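Working notes, beginning with the structure itself.
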Amino acid sequence: MSTNTSSRQVPFVDLKAQYSAIQAEINAAIEQVLHNTDFILGQDVEAFEQEFAAYCEVAYAVGVDSGMSALELALRAYEIGSGDEVITVANTFIATALSITNAGARVVLVDADPITYTLDPAQLEAAITKRTRAIIPVHLYGQPADMDRIMQIAHKHGLIVIEDACQAHGARYKGRRAGSLGHAAAFSFYPGKNLGAYGDGGMVVTNDERVANSIRMLRNYGQREKYHHVVQGYNRRLDTIQAAVLRVKLRYLDQWNDARRQHATRYNVLLSDAPVTLPVVADQAESVWHLFVIGTPQRDSLRKYLIEQGISAGMHYPVPIHLQPAYADLGYKKGDFPVSERSSEELLSLPMYPELTEDMIDYVSEQIHTFMRRNAGLPLNAQGILQG
Ligand SMILES: *Cc1c(COP(=O)(O)O)cnc(C)c1O
């Protein structure tokens, strides 16, 4: 067990700091919904859908109850399900894979690129079979996957591409917004995301009117008009209060993403001579720095040390999809996806959120240097005492 021996505290995210900066606007927006009492698919949902579609530079946006629902309903709108295979990447959050499983399709994995940690397009063709219907690239840590190469392969094989943009609100690839690059895209508004609600929420964006209409029905009991059910749907609607909150926050998103970018630059400068792997953003990509992720074989002892110094650091993700007990039935084994496996052992996410101060970044960076100097490549034992 780690004990915090420091009086300084650097949390991993700070939702309270963000709320206090916009409290009056948020409270007024929520109060308005309470006055309107249009709690289900109310006017804020429709307004937010239009505003978010415009932000993503696409024609349609459909609000749903989570990012995982957004992925699943997008698959269902393309009639992907039982007997079909969907390819995604082994180092992602479990929801990417679960959306495929919940749609009734089979998860097929490929490894990540060792530099950007996003889906490696070079591995796609070997994973495609005659059952393959779709690819879900993940814009991991805020950086878009290499979409041109992925779309090219998808086009050649007649596959649908659904972007998992749950970590990439506002990111760009060759100047185009994440969410506008595939056939459809899924966003999450989980509170800790770059654009986060005060509860669960999600969105599908697309330029395909048929798909948008299909998801509008699927999220609302499969009905086109009240009590007339065209398909067997769900109750997966975006909550009106959350939409009202998200409308306020969307106005700050670019400013918040700029702050994250500045923090990333500061970390990169301060850690440039530390013996750690720093994040690499591809030339064609603009990251929104959902996470700032460094790499070191001493990840676990560094993380323990940072926690002792009052610094929260995370792991994204400590177990790749193919080694999760829930996916034992896929038949993969250790060694199948070496980049994802090494990522799970070596990657460490440092505190990253707009309200982070320069002081805090300096402190985190300083502590990483201190650890590395003290450690000089020697492993710490369980008590955190230098060995050898
Ligand atoms: C957060 C996230 C999801 C799921 O979003 P929820 O809204 O929590 O369901 C899916 N994929 C990735 C990559 C995510 O980070």
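Here's how to read the names in the structure tokens: chain A, B, ... by the order shown, residue numbers from 1 in each chain, ligand numbers from 1 in the order shown.
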Q. Any idea what's packed within 6 Å of segment 158-166 of chain A, counting only C-alpha atoms, ignoring anything in its chain fewer than 2 positions away? Could you give it as a PyMOL selection string?
A. chain A and resi 133-139+154-156+168+182-188
Q: Step one, run DSSP on the backbone; step two, keep only residues of segment 71-294 of chain A assigned to strand (DSSP E); then write them as a ChimeraX atom specification.
A: /A:85-89,106-110,132-136,160-164,172-173,176-177,184-188,202-206,223-225,228-229,285-286,292-294
Q) Expressed in Å to a single decimal, how great is the separation between atom CA of Ile241 of chain A and atom CA of Arg172 of chain A? A) 28.5 Å
Q: Give the answer as one residue: which of A:Ile307, A:Ala328, A:Ser66, A:Ile115 has the shortest atom-to-atom distance to Gly199 of chain A, using only C-alpha atoms?
A: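 Of all the options, A:Ser66 lies closest to Gly199 of chain A.
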Q) Do you know which residues are within 7 Å of ligand 1 using only C-alpha atoms and all ligand atoms? Can you write them as a PyMOL selection string? A) chain A and resi 66-69+92-93+95-96+138+140+164-167+188-190+200-202
Since we have the selection now, will you write its residues out, keeping N, CA, C and O atoms, as a compact mmCIF listing (two decimals), in the first residue's frame?
# COMPACT_ATOMS: atom_id res chain seq x y z
N SER A 66 -24.44 6.62 -24.00
CA SER A 66 -23.03 6.40 -23.65
C SER A 66 -22.22 6.23 -24.93
O SER A 66 -22.78 6.04 -26.03
N GLY A 67 -20.91 6.26 -24.76
CA GLY A 67 -20.02 6.01 -25.90
C GLY A 67 -20.13 4.58 -26.38
O GLY A 67 -20.09 4.32 -27.59
N MET A 68 -20.29 3.65 -25.45
CA MET A 68 -20.41 2.25 -25.84
C MET A 68 -21.69 2.03 -26.65
O MET A 68 -21.68 1.30 -27.64
N SER A 69 -22.80 2.66 -26.23
CA SER A 69 -24.03 2.59 -27.01
C SER A 69 -23.83 3.18 -28.40
O SER A 69 -24.35 2.66 -29.38
N THR A 92 -7.13 -0.97 -26.24
CA THR A 92 -8.19 0.02 -26.16
C THR A 92 -8.97 -0.25 -24.89
O THR A 92 -8.75 -1.25 -24.21
N PHE A 93 -9.89 0.67 -24.59
CA PHE A 93 -10.79 0.45 -23.47
C PHE A 93 -11.76 -0.68 -23.84
O PHE A 93 -12.14 -0.81 -25.00
N ALA A 95 -14.80 -1.11 -23.73
CA ALA A 95 -16.08 -0.75 -24.36
C ALA A 95 -16.02 -0.90 -25.88
O ALA A 95 -17.03 -1.22 -26.51
N THR A 96 -14.86 -0.66 -26.48
CA THR A 96 -14.74 -0.80 -27.94
C THR A 96 -15.10 -2.24 -28.33
O THR A 96 -15.90 -2.48 -29.24
N VAL A 138 -9.36 3.27 -33.16
CA VAL A 138 -9.55 4.06 -31.93
C VAL A 138 -8.58 5.24 -31.96
O VAL A 138 -7.38 5.05 -32.17
N LEU A 140 -6.76 6.91 -29.99
CA LEU A 140 -6.34 6.70 -28.60
C LEU A 140 -5.57 7.89 -28.02
O LEU A 140 -4.71 8.46 -28.69
N ASP A 164 -13.82 5.10 -33.30
CA ASP A 164 -14.01 5.26 -31.86
C ASP A 164 -13.31 6.56 -31.48
O ASP A 164 -12.09 6.60 -31.27
N ALA A 165 -14.11 7.64 -31.45
CA ALA A 165 -13.58 8.98 -31.17
C ALA A 165 -13.85 9.38 -29.73
O ALA A 165 -13.89 10.58 -29.40
N CYS A 166 -14.05 8.39 -28.86
CA CYS A 166 -14.44 8.66 -27.47
C CYS A 166 -13.38 9.43 -26.69
O CYS A 166 -13.67 9.99 -25.65
N GLN A 167 -12.13 9.46 -27.20
CA GLN A 167 -11.07 10.22 -26.53
C GLN A 167 -10.59 11.39 -27.39
O GLN A 167 -9.53 11.94 -27.12
N SER A 188 -17.95 9.65 -26.60
CA SER A 188 -18.42 9.45 -25.22
C SER A 188 -18.38 10.78 -24.50
O SER A 188 -17.46 11.58 -24.70
N PHE A 189 -19.37 11.02 -23.65
CA PHE A 189 -19.36 12.20 -22.79
C PHE A 189 -19.23 11.80 -21.32
O PHE A 189 -19.71 12.49 -20.42
N TYR A 190 -18.59 10.67 -21.08
CA TYR A 190 -18.23 10.26 -19.72
C TYR A 190 -17.53 11.46 -19.05
O TYR A 190 -16.78 12.18 -19.71
N ASP A 200 -23.59 9.89 -17.63
CA ASP A 200 -23.24 9.24 -18.89
C ASP A 200 -23.86 9.94 -20.08
O ASP A 200 -24.91 10.59 -19.95
N GLY A 201 -23.24 9.79 -21.23
CA GLY A 201 -23.79 10.32 -22.47
C GLY A 201 -22.90 9.92 -23.63
O GLY A 201 -21.74 9.55 -23.44
N GLY A 202 -23.47 9.96 -24.83
CA GLY A 202 -22.69 9.62 -26.02
C GLY A 202 -23.33 10.19 -27.26
O GLY A 202 -24.42 10.78 -27.20
Can you check which parts of segment 153-229 of chain A lie within 12 Å of segment 259-274 of chain A? Per residue, the shortest pair of atoms and distance in Å to one decimal, counting only C-alpha atoms, sorted by chain and number, as JSON lines.
{"residue": "A:Gly170", "atom": "CA", "partner": "A:Arg260", "partner_atom": "CA", "distance": 11.9}
{"residue": "A:Ala171", "atom": "CA", "partner": "A:Arg261", "partner_atom": "CA", "distance": 11.0}
{"residue": "A:Asn194", "atom": "CA", "partner": "A:Arg260", "partner_atom": "CA", "distance": 9.4}
(Q) Report as number ranges by chain all protein, DNA and RNA residues lying within 9 Å of Gln32 of chain A, evaluated on only C-alpha atoms, omitting residues in the same chain fewer than 5 positions from it. (A) A: 27, 37, 244
With N, CA and C atoms retained, could you export that selection as a short mmCIF file (atom, residue, chain, number, x, y, z; two decimals), in the first residue's frame?
data_model
loop_
_atom_site.label_atom_id
_atom_site.label_comp_id
_atom_site.auth_asym_id
_atom_site.auth_seq_id
_atom_site.Cartn_x
_atom_site.Cartn_y
_atom_site.Cartn_z
N ASN A 27 -25.49 25.84 -13.92
CA ASN A 27 -26.67 25.81 -13.06
C ASN A 27 -27.89 26.40 -13.77
N THR A 37 -39.28 21.05 -18.14
CA THR A 37 -39.67 19.66 -17.87
C THR A 37 -39.71 18.78 -19.13
N ALA A 244 -28.02 19.71 -21.93
CA ALA A 244 -27.95 21.13 -21.53
C ALA A 244 -26.57 21.45 -20.97
#
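Contact shell of Asn235 of chain A at 7 Å (only C-alpha atoms; same-chain neighbours under 5 positions omitted): A:Arg219, A:Asn220, A:Tyr221.
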Q: Could you tell me how far atom CA of Ile80 of chain A lies from atom CA of Val107 of chain A, in Å and to one decimal?
A: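 Distance reported for this atom pair: 11.9 Å.
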